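This report refers to the structure that appears directly beneath it.
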Amino acid sequence: MIEVSNLSVTFGQAQAVRDASLTIPPGARIGIVGESGSGKSMLGLALMGMAPDAAQVTGSLIVDGAEMSGASERDWRRLRARHIAMIFQEPMAALNPLVRVGDTVAEPLRIHEGLSRDAALDRALALFKEVGLPNPEARLRQFPHEISGGQRQRVLIALALACNPGLLIADEPTTALDANVALRVTELLTDLSVRRQMSLLFISHDLAAVARATTEIVVMYGGTVVERGPTDQVLNAPRHPYTKGLLAARPRPEGLRQGGVRRRLPTIPGTVPPLEKLPPGCRFAGRCPVELPQCAATRPPVVDNAVCHLLAEGGAA
Ligand SMILES: Nc1ncnc2c1ncn2[C@@H]1O[C@H](COP(=O)(O)OP(=O)(O)OP(=O)(O)O)[C@@H](O)[C@H]1O
Ligand SMILES: [Mg+2]
């Protein structure tokens with residue numbers, strides 16, 4: 001069980017994450033969505049104790065009863081070895097081109113569990129089978145450039161599973177992949193979470209993938225959580241104006257062409273302003289289609305899992 005309370009990640013005046021709170025029960029599958037720059041990766045990194053050195057991280061992170069705020073680098077390393085693993089968007093960048101992929105997965109098992117090379121490679125083989133790599137024996141001896149992008153992502157998933165984490169943070173795990181491969185990787189992550197009772201934090205721009213992989217969604221904007229709830233509910237009956245805008249901006253193949261004319265995709269008007277220019281109240285004020293006098297200056301309250309002044313006033317956002 002992981003409890004995040006009021007977690008903030010600040011660079012000088014700029015708050016990349018502001019007071020994020022999140023409970024991750026064992027086996028939960030939670031999606032984090034939001035435009036570029038909304039703080040999704042920074043939140044994931046902070047949960048691993050891997051926020052950049054320039055960042056000030058405050059708030060509480062409790063992992064299986066242990067408070068991590070103020071923990072030493074040694075404690076964080078132990079957390080990453082035993083409890084929380086993360087996979088990153090670009091599989092090639094995360095693999096050493098000079099190391100055979102079998103050895104890459106075997107290495108943490110030798111370091112953290114003191115296994116011999118042969119025993120560690122046996123475990124790597126079992127992991128390669130578990131993540132559905134074809135010809136797993138032959139794969140062990142291959143270098144990253146010899147396998148496809150989807151297979152590299154499976155190797156990284158095997159690496160993340162090596163020490164049996166309770167939580168896997170997958171940061172845009174499918175963005176660099178073709179649609180078909182992305183679909184299969186999404187299914188794999190979902191299956192692994194169910195089979196292993198491993199929690200999954202699925203960070204993605206791809207709402208279709210999030211819909212498939214998760215049971216709960218957290219929507220972020222400007223470093224804040226603006227809405228959360230069961231996946232079905234958030235996708236089918238969004239409450240926050242930002243979530244509504246994000247869903248309306250979703251590309252739908254059938255929406256692209258109408259009467260032979262290519263239509264422009266709907267987008268949320270405006271762009272995310274620089275962090276230090278975000279309003280102190282609701283971060284979405286200024287871009288929001290509906291605004292009350294208090295929106296920009298006063299932090300909005302939580303109303304049925306959405307954080308919005310208008311909903312508090314009883315208005316339909
Ligand atoms: N070293 C840094 N110094 C200052 N600001 C930073 C630093 N690293 C990241 N940021 C800022 O933190 C904010 C959140 O970034 P983050 O990478 O978490 O966004 P994201 O939601 O993951 O976006 P994307 O969808 O593009 O991956 C951004 O505004 C970014 O500019
Ligand atoms: Mg990111």
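We name chains A, B, ... following the order of the structure tokens; residues begin at 1 in each chain, and ligands are numbered from 1 as shown.
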Could you please extract the residues within 12 Å of ligand 2, counting only C-alpha atoms and all ligand atoms, and hand them back as a PDB file with all heavy atoms, in the first residue's frame?
ATOM      1  N   ALA A  16       6.100  22.247 -10.170  1.00  0.00           N
ATOM      2  CA  ALA A  16       5.804  21.265 -11.217  1.00  0.00           C
ATOM      3  C   ALA A  16       4.732  20.277 -10.752  1.00  0.00           C
ATOM      4  O   ALA A  16       3.973  19.745 -11.556  1.00  0.00           O
ATOM      5  CB  ALA A  16       7.074  20.518 -11.612  1.00  0.00           C
ATOM      6  N   ILE A  32      -2.653   8.014 -15.143  1.00  0.00           N
ATOM      7  CA  ILE A  32      -2.445   9.449 -14.955  1.00  0.00           C
ATOM      8  C   ILE A  32      -2.430  10.087 -16.331  1.00  0.00           C
ATOM      9  O   ILE A  32      -1.630   9.712 -17.191  1.00  0.00           O
ATOM     10  CB  ILE A  32      -1.124   9.742 -14.222  1.00  0.00           C
ATOM     11  CG1 ILE A  32      -1.130   9.057 -12.856  1.00  0.00           C
ATOM     12  CG2 ILE A  32      -0.946  11.257 -14.039  1.00  0.00           C
ATOM     13  CD1 ILE A  32       0.044   9.403 -11.985  1.00  0.00           C
ATOM     14  N   VAL A  33      -3.372  11.006 -16.554  1.00  0.00           N
ATOM     15  CA  VAL A  33      -3.468  11.654 -17.858  1.00  0.00           C
ATOM     16  C   VAL A  33      -3.379  13.172 -17.683  1.00  0.00           C
ATOM     17  O   VAL A  33      -3.585  13.704 -16.590  1.00  0.00           O
ATOM     18  CB  VAL A  33      -4.782  11.285 -18.597  1.00  0.00           C
ATOM     19  CG1 VAL A  33      -4.889   9.779 -18.791  1.00  0.00           C
ATOM     20  CG2 VAL A  33      -6.005  11.803 -17.850  1.00  0.00           C
ATOM     21  N   GLY A  34      -3.082  13.839 -18.782  1.00  0.00           N
ATOM     22  CA  GLY A  34      -2.953  15.296 -18.753  1.00  0.00           C
ATOM     23  C   GLY A  34      -2.028  15.717 -19.880  1.00  0.00           C
ATOM     24  O   GLY A  34      -1.241  14.914 -20.364  1.00  0.00           O
ATOM     25  N   GLU A  35      -2.156  16.993 -20.276  1.00  0.00           N
ATOM     26  CA  GLU A  35      -1.323  17.484 -21.370  1.00  0.00           C
ATOM     27  C   GLU A  35       0.155  17.457 -20.990  1.00  0.00           C
ATOM     28  O   GLU A  35       0.507  17.339 -19.826  1.00  0.00           O
ATOM     29  CB  GLU A  35      -1.705  18.931 -21.702  1.00  0.00           C
ATOM     30  CG  GLU A  35      -2.984  19.076 -22.476  1.00  0.00           C
ATOM     31  CD  GLU A  35      -3.447  20.517 -22.446  1.00  0.00           C
ATOM     32  OE1 GLU A  35      -3.781  21.001 -21.359  1.00  0.00           O
ATOM     33  OE2 GLU A  35      -3.461  21.152 -23.506  1.00  0.00           O
ATOM     34  N   SER A  36       0.983  17.659 -22.009  1.00  0.00           N
ATOM     35  CA  SER A  36       2.419  17.756 -21.807  1.00  0.00           C
ATOM     36  C   SER A  36       2.726  18.855 -20.796  1.00  0.00           C
ATOM     37  O   SER A  36       2.138  19.936 -20.852  1.00  0.00           O
ATOM     38  CB  SER A  36       3.049  18.085 -23.159  1.00  0.00           C
ATOM     39  OG  SER A  36       4.399  17.806 -23.123  1.00  0.00           O
ATOM     40  N   GLY A  37       3.598  18.567 -19.863  1.00  0.00           N
ATOM     41  CA  GLY A  37       3.985  19.568 -18.869  1.00  0.00           C
ATOM     42  C   GLY A  37       3.097  19.616 -17.648  1.00  0.00           C
ATOM     43  O   GLY A  37       3.285  20.462 -16.775  1.00  0.00           O
ATOM     44  N   SER A  38       2.117  18.705 -17.556  1.00  0.00           N
ATOM     45  CA  SER A  38       1.185  18.773 -16.422  1.00  0.00           C
ATOM     46  C   SER A  38       1.767  18.166 -15.131  1.00  0.00           C
ATOM     47  O   SER A  38       1.135  18.242 -14.092  1.00  0.00           O
ATOM     48  CB  SER A  38      -0.144  18.109 -16.791  1.00  0.00           C
ATOM     49  OG  SER A  38       0.053  16.804 -17.238  1.00  0.00           O
ATOM     50  N   GLY A  39       2.957  17.565 -15.224  1.00  0.00           N
ATOM     51  CA  GLY A  39       3.605  17.069 -14.009  1.00  0.00           C
ATOM     52  C   GLY A  39       3.513  15.572 -13.804  1.00  0.00           C
ATOM     53  O   GLY A  39       3.880  15.068 -12.738  1.00  0.00           O
ATOM     54  N   LYS A  40       3.070  14.840 -14.820  1.00  0.00           N
ATOM     55  CA  LYS A  40       2.874  13.395 -14.680  1.00  0.00           C
ATOM     56  C   LYS A  40       4.200  12.674 -14.394  1.00  0.00           C
ATOM     57  O   LYS A  40       4.308  11.890 -13.447  1.00  0.00           O
ATOM     58  CB  LYS A  40       2.235  12.820 -15.965  1.00  0.00           C
ATOM     59  CG  LYS A  40       0.963  13.522 -16.385  1.00  0.00           C
ATOM     60  CD  LYS A  40       0.353  12.913 -17.647  1.00  0.00           C
ATOM     61  CE  LYS A  40       1.216  12.997 -18.888  1.00  0.00           C
ATOM     62  NZ  LYS A  40       1.435  14.381 -19.390  1.00  0.00           N
ATOM     63  N   SER A  41       5.204  12.946 -15.238  1.00  0.00           N
ATOM     64  CA  SER A  41       6.492  12.279 -15.047  1.00  0.00           C
ATOM     65  C   SER A  41       7.142  12.705 -13.742  1.00  0.00           C
ATOM     66  O   SER A  41       7.737  11.885 -13.029  1.00  0.00           O
ATOM     67  CB  SER A  41       7.455  12.605 -16.194  1.00  0.00           C
ATOM     68  OG  SER A  41       6.967  12.080 -17.394  1.00  0.00           O
ATOM     69  N   MET A  42       7.023  13.998 -13.415  1.00  0.00           N
ATOM     70  CA  MET A  42       7.652  14.493 -12.193  1.00  0.00           C
ATOM     71  C   MET A  42       7.039  13.815 -10.969  1.00  0.00           C
ATOM     72  O   MET A  42       7.752  13.482 -10.025  1.00  0.00           O
ATOM     73  CB  MET A  42       7.460  16.010 -12.128  1.00  0.00           C
ATOM     74  CG  MET A  42       8.539  16.741 -11.391  1.00  0.00           C
ATOM     75  SD  MET A  42      10.202  16.293 -11.910  1.00  0.00           S
ATOM     76  CE  MET A  42      10.299  17.160 -13.460  1.00  0.00           C
ATOM     77  N   LEU A  43       5.739  13.595 -10.991  1.00  0.00           N
ATOM     78  CA  LEU A  43       5.101  12.874  -9.886  1.00  0.00           C
ATOM     79  C   LEU A  43       5.661  11.453  -9.809  1.00  0.00           C
ATOM     80  O   LEU A  43       6.037  10.982  -8.725  1.00  0.00           O
ATOM     81  CB  LEU A  43       3.573  12.849 -10.101  1.00  0.00           C
ATOM     82  CG  LEU A  43       2.761  12.027  -9.112  1.00  0.00           C
ATOM     83  CD1 LEU A  43       2.919  12.558  -7.689  1.00  0.00           C
ATOM     84  CD2 LEU A  43       1.267  12.031  -9.485  1.00  0.00           C
ATOM     85  N   GLY A  44       5.751  10.775 -10.968  1.00  0.00           N
ATOM     86  CA  GLY A  44       6.299   9.412 -10.985  1.00  0.00           C
ATOM     87  C   GLY A  44       7.726   9.372 -10.459  1.00  0.00           C
ATOM     88  O   GLY A  44       8.075   8.529  -9.617  1.00  0.00           O
ATOM     89  N   LEU A  45       8.548  10.315 -10.911  1.00  0.00           N
ATOM     90  CA  LEU A  45       9.947  10.353 -10.473  1.00  0.00           C
ATOM     91  C   LEU A  45      10.043  10.606  -8.977  1.00  0.00           C
ATOM     92  O   LEU A  45      10.871  10.001  -8.283  1.00  0.00           O
ATOM     93  CB  LEU A  45      10.712  11.432 -11.248  1.00  0.00           C
ATOM     94  CG  LEU A  45      10.971  11.112 -12.720  1.00  0.00           C
ATOM     95  CD1 LEU A  45      11.511  12.344 -13.455  1.00  0.00           C
ATOM     96  CD2 LEU A  45      11.951   9.945 -12.882  1.00  0.00           C
ATOM     97  N   ILE A  87       9.241   2.095 -15.670  1.00  0.00           N
ATOM     98  CA  ILE A  87       9.723   1.954 -17.046  1.00  0.00           C
ATOM     99  C   ILE A  87       9.462   3.252 -17.788  1.00  0.00           C
ATOM    100  O   ILE A  87       8.471   3.931 -17.556  1.00  0.00           O
ATOM    101  CB  ILE A  87       9.112   0.754 -17.792  1.00  0.00           C
ATOM    102  CG1 ILE A  87       7.596   0.790 -17.759  1.00  0.00           C
ATOM    103  CG2 ILE A  87       9.608  -0.558 -17.225  1.00  0.00           C
ATOM    104  CD1 ILE A  87       6.976  -0.285 -18.622  1.00  0.00           C
ATOM    105  N   PHE A  88      10.390   3.577 -18.688  1.00  0.00           N
ATOM    106  CA  PHE A  88      10.386   4.894 -19.320  1.00  0.00           C
ATOM    107  C   PHE A  88       9.946   4.794 -20.768  1.00  0.00           C
ATOM    108  O   PHE A  88       9.904   3.732 -21.363  1.00  0.00           O
ATOM    109  CB  PHE A  88      11.776   5.518 -19.210  1.00  0.00           C
ATOM    110  CG  PHE A  88      12.202   5.699 -17.788  1.00  0.00           C
ATOM    111  CD1 PHE A  88      12.948   4.714 -17.148  1.00  0.00           C
ATOM    112  CD2 PHE A  88      11.826   6.812 -17.068  1.00  0.00           C
ATOM    113  CE1 PHE A  88      13.322   4.858 -15.817  1.00  0.00           C
ATOM    114  CE2 PHE A  88      12.197   6.969 -15.749  1.00  0.00           C
ATOM    115  CZ  PHE A  88      12.943   5.988 -15.116  1.00  0.00           C
ATOM    116  N   GLN A  89       9.635   5.977 -21.291  1.00  0.00           N
ATOM    117  CA  GLN A  89       9.045   6.071 -22.622  1.00  0.00           C
ATOM    118  C   GLN A  89       9.922   5.502 -23.732  1.00  0.00           C
ATOM    119  O   GLN A  89       9.452   4.779 -24.590  1.00  0.00           O
ATOM    120  CB  GLN A  89       8.792   7.557 -22.897  1.00  0.00           C
ATOM    121  CG  GLN A  89       8.241   7.830 -24.259  1.00  0.00           C
ATOM    122  CD  GLN A  89       7.820   9.293 -24.388  1.00  0.00           C
ATOM    123  OE1 GLN A  89       7.680   9.988 -23.390  1.00  0.00           O
ATOM    124  NE2 GLN A  89       7.628   9.733 -25.596  1.00  0.00           N
ATOM    125  N   GLU A  90      11.209   5.806 -23.712  1.00  0.00           N
ATOM    126  CA  GLU A  90      12.053   5.469 -24.862  1.00  0.00           C
ATOM    127  C   GLU A  90      12.903   4.236 -24.540  1.00  0.00           C
ATOM    128  O   GLU A  90      13.923   4.330 -23.871  1.00  0.00           O
ATOM    129  CB  GLU A  90      12.918   6.686 -25.215  1.00  0.00           C
ATOM    130  CG  GLU A  90      13.695   6.594 -26.494  1.00  0.00           C
ATOM    131  CD  GLU A  90      13.061   5.749 -27.589  1.00  0.00           C
ATOM    132  OE1 GLU A  90      12.109   6.212 -28.232  1.00  0.00           O
ATOM    133  OE2 GLU A  90      13.540   4.610 -27.786  1.00  0.00           O
ATOM    134  N   ILE A 169       5.574   1.749 -12.121  1.00  0.00           N
ATOM    135  CA  ILE A 169       5.192   3.021 -12.739  1.00  0.00           C
ATOM    136  C   ILE A 169       5.601   2.938 -14.203  1.00  0.00           C
ATOM    137  O   ILE A 169       6.780   2.760 -14.517  1.00  0.00           O
ATOM    138  CB  ILE A 169       5.906   4.211 -12.058  1.00  0.00           C
ATOM    139  CG1 ILE A 169       5.596   4.241 -10.563  1.00  0.00           C
ATOM    140  CG2 ILE A 169       5.493   5.521 -12.723  1.00  0.00           C
ATOM    141  CD1 ILE A 169       6.386   5.296  -9.780  1.00  0.00           C
ATOM    142  N   ALA A 170       4.637   3.011 -15.099  1.00  0.00           N
ATOM    143  CA  ALA A 170       4.925   2.924 -16.528  1.00  0.00           C
ATOM    144  C   ALA A 170       4.693   4.305 -17.128  1.00  0.00           C
ATOM    145  O   ALA A 170       3.558   4.755 -17.244  1.00  0.00           O
ATOM    146  CB  ALA A 170       4.035   1.872 -17.181  1.00  0.00           C
ATOM    147  N   ASP A 171       5.779   5.006 -17.477  1.00  0.00           N
ATOM    148  CA  ASP A 171       5.665   6.376 -17.986  1.00  0.00           C
ATOM    149  C   ASP A 171       5.625   6.341 -19.505  1.00  0.00           C
ATOM    150  O   ASP A 171       6.639   6.090 -20.146  1.00  0.00           O
ATOM    151  CB  ASP A 171       6.847   7.215 -17.486  1.00  0.00           C
ATOM    152  CG  ASP A 171       6.645   8.706 -17.760  1.00  0.00           C
ATOM    153  OD1 ASP A 171       5.609   9.076 -18.348  1.00  0.00           O
ATOM    154  OD2 ASP A 171       7.529   9.499 -17.379  1.00  0.00           O
ATOM    155  N   GLU A 172       4.486   6.586 -20.077  1.00  0.00           N
ATOM    156  CA  GLU A 172       4.284   6.549 -21.529  1.00  0.00           C
ATOM    157  C   GLU A 172       4.880   5.270 -22.123  1.00  0.00           C
ATOM    158  O   GLU A 172       5.699   5.333 -23.034  1.00  0.00           O
ATOM    159  CB  GLU A 172       4.945   7.773 -22.191  1.00  0.00           C
ATOM    160  CG  GLU A 172       4.511   9.111 -21.636  1.00  0.00           C
ATOM    161  CD  GLU A 172       3.192   9.594 -22.223  1.00  0.00           C
ATOM    162  OE1 GLU A 172       2.609   8.872 -23.044  1.00  0.00           O
ATOM    163  OE2 GLU A 172       2.738  10.680 -21.825  1.00  0.00           O
ATOM    164  N   PRO A 173       4.470   4.097 -21.645  1.00  0.00           N
ATOM    165  CA  PRO A 173       5.142   2.864 -22.080  1.00  0.00           C
ATOM    166  C   PRO A 173       4.852   2.508 -23.533  1.00  0.00           C
ATOM    167  O   PRO A 173       5.539   1.655 -24.083  1.00  0.00           O
ATOM    168  CB  PRO A 173       4.560   1.797 -21.140  1.00  0.00           C
ATOM    169  CG  PRO A 173       3.219   2.329 -20.766  1.00  0.00           C
ATOM    170  CD  PRO A 173       3.372   3.821 -20.701  1.00  0.00           C
ATOM    171  N   THR A 175       4.049   4.998 -26.085  1.00  0.00           N
ATOM    172  CA  THR A 175       4.069   6.150 -26.997  1.00  0.00           C
ATOM    173  C   THR A 175       5.003   5.943 -28.190  1.00  0.00           C
ATOM    174  O   THR A 175       4.718   6.385 -29.298  1.00  0.00           O
ATOM    175  CB  THR A 175       4.488   7.409 -26.218  1.00  0.00           C
ATOM    176  OG1 THR A 175       3.665   7.483 -25.068  1.00  0.00           O
ATOM    177  CG2 THR A 175       4.277   8.671 -27.038  1.00  0.00           C
ATOM    178  N   PHE A 202      -0.136   3.978 -14.628  1.00  0.00           N
ATOM    179  CA  PHE A 202      -0.007   4.002 -16.078  1.00  0.00           C
ATOM    180  C   PHE A 202      -0.113   5.447 -16.549  1.00  0.00           C
ATOM    181  O   PHE A 202      -1.203   6.016 -16.611  1.00  0.00           O
ATOM    182  CB  PHE A 202      -1.122   3.123 -16.656  1.00  0.00           C
ATOM    183  CG  PHE A 202      -1.007   2.794 -18.114  1.00  0.00           C
ATOM    184  CD1 PHE A 202      -0.354   1.637 -18.527  1.00  0.00           C
ATOM    185  CD2 PHE A 202      -1.562   3.620 -19.081  1.00  0.00           C
ATOM    186  CE1 PHE A 202      -0.253   1.316 -19.882  1.00  0.00           C
ATOM    187  CE2 PHE A 202      -1.468   3.300 -20.431  1.00  0.00           C
ATOM    188  CZ  PHE A 202      -0.813   2.132 -20.824  1.00  0.00           C
ATOM    189  N   ILE A 203       1.034   6.053 -16.853  1.00  0.00           N
ATOM    190  CA  ILE A 203       1.072   7.454 -17.283  1.00  0.00           C
ATOM    191  C   ILE A 203       0.993   7.480 -18.804  1.00  0.00           C
ATOM    192  O   ILE A 203       1.801   6.837 -19.472  1.00  0.00           O
ATOM    193  CB  ILE A 203       2.388   8.123 -16.835  1.00  0.00           C
ATOM    194  CG1 ILE A 203       2.516   8.090 -15.314  1.00  0.00           C
ATOM    195  CG2 ILE A 203       2.480   9.545 -17.378  1.00  0.00           C
ATOM    196  CD1 ILE A 203       3.860   8.588 -14.781  1.00  0.00           C
ATOM    197  N   SER A 204       0.006   8.185 -19.352  1.00  0.00           N
ATOM    198  CA  SER A 204      -0.112   8.130 -20.806  1.00  0.00           C
ATOM    199  C   SER A 204      -0.910   9.279 -21.394  1.00  0.00           C
ATOM    200  O   SER A 204      -1.795   9.835 -20.761  1.00  0.00           O
ATOM    201  CB  SER A 204      -0.771   6.807 -21.205  1.00  0.00           C
ATOM    202  OG  SER A 204      -0.798   6.669 -22.599  1.00  0.00           O
ATOM    203  N   HIS A 205      -0.565   9.641 -22.644  1.00  0.00           N
ATOM    204  CA  HIS A 205      -1.387  10.552 -23.436  1.00  0.00           C
ATOM    205  C   HIS A 205      -2.513   9.784 -24.121  1.00  0.00           C
ATOM    206  O   HIS A 205      -3.442  10.373 -24.650  1.00  0.00           O
ATOM    207  CB  HIS A 205      -0.570  11.165 -24.579  1.00  0.00           C
ATOM    208  CG  HIS A 205       0.328  12.264 -24.153  1.00  0.00           C
ATOM    209  ND1 HIS A 205       1.633  12.056 -23.801  1.00  0.00           N
ATOM    210  CD2 HIS A 205       0.098  13.590 -24.027  1.00  0.00           C
ATOM    211  CE1 HIS A 205       2.173  13.222 -23.481  1.00  0.00           C
ATOM    212  NE2 HIS A 205       1.265  14.159 -23.604  1.00  0.00           N
ATOM    213  N   MET A 220      -4.372  15.329 -14.411  1.00  0.00           N
ATOM    214  CA  MET A 220      -3.511  16.406 -13.911  1.00  0.00           C
ATOM    215  C   MET A 220      -3.498  17.588 -14.863  1.00  0.00           C
ATOM    216  O   MET A 220      -3.533  17.422 -16.079  1.00  0.00           O
ATOM    217  CB  MET A 220      -2.079  15.898 -13.710  1.00  0.00           C
ATOM    218  CG  MET A 220      -1.941  14.951 -12.536  1.00  0.00           C
ATOM    219  SD  MET A 220      -0.224  14.518 -12.199  1.00  0.00           S
ATOM    220  CE  MET A 220       0.382  16.038 -11.444  1.00  0.00           C
ATOM    221  N   GLY A 223       0.392  20.685 -12.784  1.00  0.00           N
ATOM    222  CA  GLY A 223       0.967  20.150 -11.555  1.00  0.00           C
ATOM    223  C   GLY A 223      -0.047  19.789 -10.486  1.00  0.00           C
ATOM    224  O   GLY A 223       0.325  19.319  -9.413  1.00  0.00           O
TER     225      GLY A 223
END
(request) Could you find all residues in segment 172-259 of chain A that DSSP calls strand (DSSP E) from the backbone, and write them as an NGL selection string? (result) :A and (199-203 or 216-221 or 224-230 or 257-258)
Would you mind exporting N, CA, C and O atoms of the selected residues as an mmCIF file, in the first residue's frame?
data_model
loop_
_atom_site.group_PDB
_atom_site.id
_atom_site.type_symbol
_atom_site.label_atom_id
_atom_site.label_comp_id
_atom_site.auth_asym_id
_atom_site.auth_seq_id
_atom_site.Cartn_x
_atom_site.Cartn_y
_atom_site.Cartn_z
ATOM 1 N N SER A 199 0.560 -3.275 -8.188
ATOM 2 C CA SER A 199 -0.110 -2.038 -8.580
ATOM 3 C C SER A 199 0.561 -1.463 -9.823
ATOM 4 O O SER A 199 1.755 -1.661 -10.036
ATOM 5 N N LEU A 200 -0.244 -0.765 -10.621
ATOM 6 C CA LEU A 200 0.264 -0.194 -11.871
ATOM 7 C C LEU A 200 -0.133 1.268 -11.927
ATOM 8 O O LEU A 200 -1.307 1.610 -11.765
ATOM 9 N N LEU A 201 0.868 2.142 -12.109
ATOM 10 C CA LEU A 201 0.585 3.555 -12.364
ATOM 11 C C LEU A 201 0.897 3.774 -13.833
ATOM 12 O O LEU A 201 2.056 3.714 -14.242
ATOM 13 N N PHE A 202 -0.136 3.978 -14.628
ATOM 14 C CA PHE A 202 -0.007 4.002 -16.078
ATOM 15 C C PHE A 202 -0.113 5.447 -16.549
ATOM 16 O O PHE A 202 -1.203 6.016 -16.611
ATOM 17 N N ILE A 203 1.034 6.053 -16.853
ATOM 18 C CA ILE A 203 1.072 7.454 -17.283
ATOM 19 C C ILE A 203 0.993 7.480 -18.804
ATOM 20 O O ILE A 203 1.801 6.837 -19.472
ATOM 21 N N GLU A 216 -8.982 3.172 -12.579
ATOM 22 C CA GLU A 216 -9.127 4.490 -11.949
ATOM 23 C C GLU A 216 -8.258 5.478 -12.715
ATOM 24 O O GLU A 216 -7.198 5.110 -13.222
ATOM 25 N N ILE A 217 -8.720 6.728 -12.806
ATOM 26 C CA ILE A 217 -7.961 7.744 -13.540
ATOM 27 C C ILE A 217 -7.731 8.962 -12.659
ATOM 28 O O ILE A 217 -8.623 9.377 -11.910
ATOM 29 N N VAL A 218 -6.523 9.493 -12.765
ATOM 30 C CA VAL A 218 -6.180 10.765 -12.134
ATOM 31 C C VAL A 218 -5.859 11.733 -13.264
ATOM 32 O O VAL A 218 -5.041 11.428 -14.119
ATOM 33 N N VAL A 219 -6.544 12.882 -13.292
ATOM 34 C CA VAL A 219 -6.318 13.871 -14.348
ATOM 35 C C VAL A 219 -5.490 15.014 -13.751
ATOM 36 O O VAL A 219 -5.854 15.569 -12.710
ATOM 37 N N MET A 220 -4.372 15.329 -14.411
ATOM 38 C CA MET A 220 -3.511 16.406 -13.911
ATOM 39 C C MET A 220 -3.498 17.588 -14.863
ATOM 40 O O MET A 220 -3.533 17.422 -16.079
ATOM 41 N N TYR A 221 -3.436 18.776 -14.283
ATOM 42 C CA TYR A 221 -3.228 19.991 -15.073
ATOM 43 C C TYR A 221 -2.356 20.945 -14.264
ATOM 44 O O TYR A 221 -2.632 21.175 -13.082
ATOM 45 N N THR A 224 -1.336 20.005 -10.776
ATOM 46 C CA THR A 224 -2.345 19.666 -9.771
ATOM 47 C C THR A 224 -3.246 18.538 -10.270
ATOM 48 O O THR A 224 -3.444 18.373 -11.476
ATOM 49 N N VAL A 225 -3.783 17.795 -9.326
ATOM 50 C CA VAL A 225 -4.806 16.811 -9.679
ATOM 51 C C VAL A 225 -6.126 17.572 -9.776
ATOM 52 O O VAL A 225 -6.546 18.205 -8.812
ATOM 53 N N VAL A 226 -6.766 17.558 -10.959
ATOM 54 C CA VAL A 226 -8.026 18.294 -11.093
ATOM 55 C C VAL A 226 -9.245 17.384 -10.980
ATOM 56 O O VAL A 226 -10.340 17.845 -10.646
ATOM 57 N N GLU A 227 -9.064 16.113 -11.287
ATOM 58 C CA GLU A 227 -10.189 15.185 -11.166
ATOM 59 C C GLU A 227 -9.649 13.767 -11.037
ATOM 60 O O GLU A 227 -8.582 13.454 -11.558
ATOM 61 N N ARG A 228 -10.397 12.933 -10.349
ATOM 62 C CA ARG A 228 -10.046 11.527 -10.265
ATOM 63 C C ARG A 228 -11.321 10.729 -10.117
ATOM 64 O O ARG A 228 -12.367 11.278 -9.759
ATOM 65 N N GLY A 229 -11.246 9.444 -10.405
ATOM 66 C CA GLY A 229 -12.430 8.619 -10.222
ATOM 67 C C GLY A 229 -12.300 7.339 -11.005
ATOM 68 O O GLY A 229 -11.291 7.107 -11.680
ATOM 69 N N PRO A 230 -13.336 6.479 -10.926
ATOM 70 C CA PRO A 230 -13.328 5.248 -11.705
ATOM 71 C C PRO A 230 -13.165 5.588 -13.196
ATOM 72 O O PRO A 230 -13.731 6.582 -13.667
ATOM 73 N N ARG A 257 -12.472 12.889 -40.814
ATOM 74 C CA ARG A 257 -12.969 13.201 -42.154
ATOM 75 C C ARG A 257 -14.467 13.377 -42.101
ATOM 76 O O ARG A 257 -15.172 12.615 -41.472
ATOM 77 N N GLN A 258 -14.943 14.413 -42.756
ATOM 78 C CA GLN A 258 -16.391 14.576 -42.832
ATOM 79 C C GLN A 258 -16.704 15.153 -44.200
ATOM 80 O O GLN A 258 -16.184 16.205 -44.568
#
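Excluding Trp76 of chain A itself and same-chain residues fewer than 3 positions from it, the residues having an atom within 6 Å of it are Gly49, Glu73 and Leu79 of chain A, counting only C-alpha atoms.
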Same residues, N, CA, C and O atoms, saved as a compact mmCIF listing (two decimals), in the first residue's frame:
# COMPACT_ATOMS: atom_id res chain seq x y z
N GLY A 49 11.95 8.69 -5.66
CA GLY A 49 13.08 9.43 -5.11
C GLY A 49 14.05 9.85 -6.19
O GLY A 49 15.24 9.99 -5.96
N GLU A 73 19.64 8.45 0.49
CA GLU A 73 19.76 7.84 -0.83
C GLU A 73 19.80 6.31 -0.71
O GLU A 73 19.28 5.60 -1.57
N LEU A 79 14.27 1.05 -1.66
CA LEU A 79 12.87 1.13 -2.13
C LEU A 79 12.78 0.74 -3.61
O LEU A 79 11.91 -0.03 -4.02
(message) Please list as number ranges by chain every residue within 9 Å of Ser5 of chain A, counting only C-alpha atoms and excluding residues in the same chain fewer than 4 positions away.
(response) A: 19-23, 59-62
(message) Counting only C-alpha atoms and all ligand atoms, which residue out of A:Glu187, A:Asp53, A:Asp103, A:Glu3 sits closest to ligand 1?
(response)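 Closest candidate: A:Asp53.
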(message) At a cut-off of 9 Å, using only C-alpha atoms, what residues contact Met1 of chain A? Leave out same-chain residues fewer than 5 positions from it and give the result as JSON, numbers by chain.
(response) {"A": [23, 24, 25, 26, 62, 63, 64, 65, 166, 167, 199]}
Requested write-out: C-alpha atoms of the selected residues, as a compact mmCIF listing (two decimals), in the first residue's frame:
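And here's result_28.txt as it stands now:
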# COMPACT_ATOMS: atom_id res chain seq x y z
CA THR A 23 -3.68 6.20 -2.44
CA ILE A 24 -2.40 3.17 -4.33
CA PRO A 25 -3.79 -0.07 -2.85
CA PRO A 26 -2.13 -3.40 -3.76
CA ILE A 62 4.37 6.20 2.88
CA VAL A 63 5.34 2.85 1.37
CA ASP A 64 4.16 -0.22 3.28
CA GLY A 65 4.01 1.81 6.47
CA GLY A 166 4.72 -3.98 -5.47
CA LEU A 167 4.23 -0.97 -7.76
CA SER A 199 -0.11 -2.04 -8.58
(request) Enumerate the residues of segment 158-202 of chain A with a DSSP assignment of helix (DSSP H, G or I), computed from the backbone, and present them as a ChimeraX atom specification. (result) /A:158-161,179-196
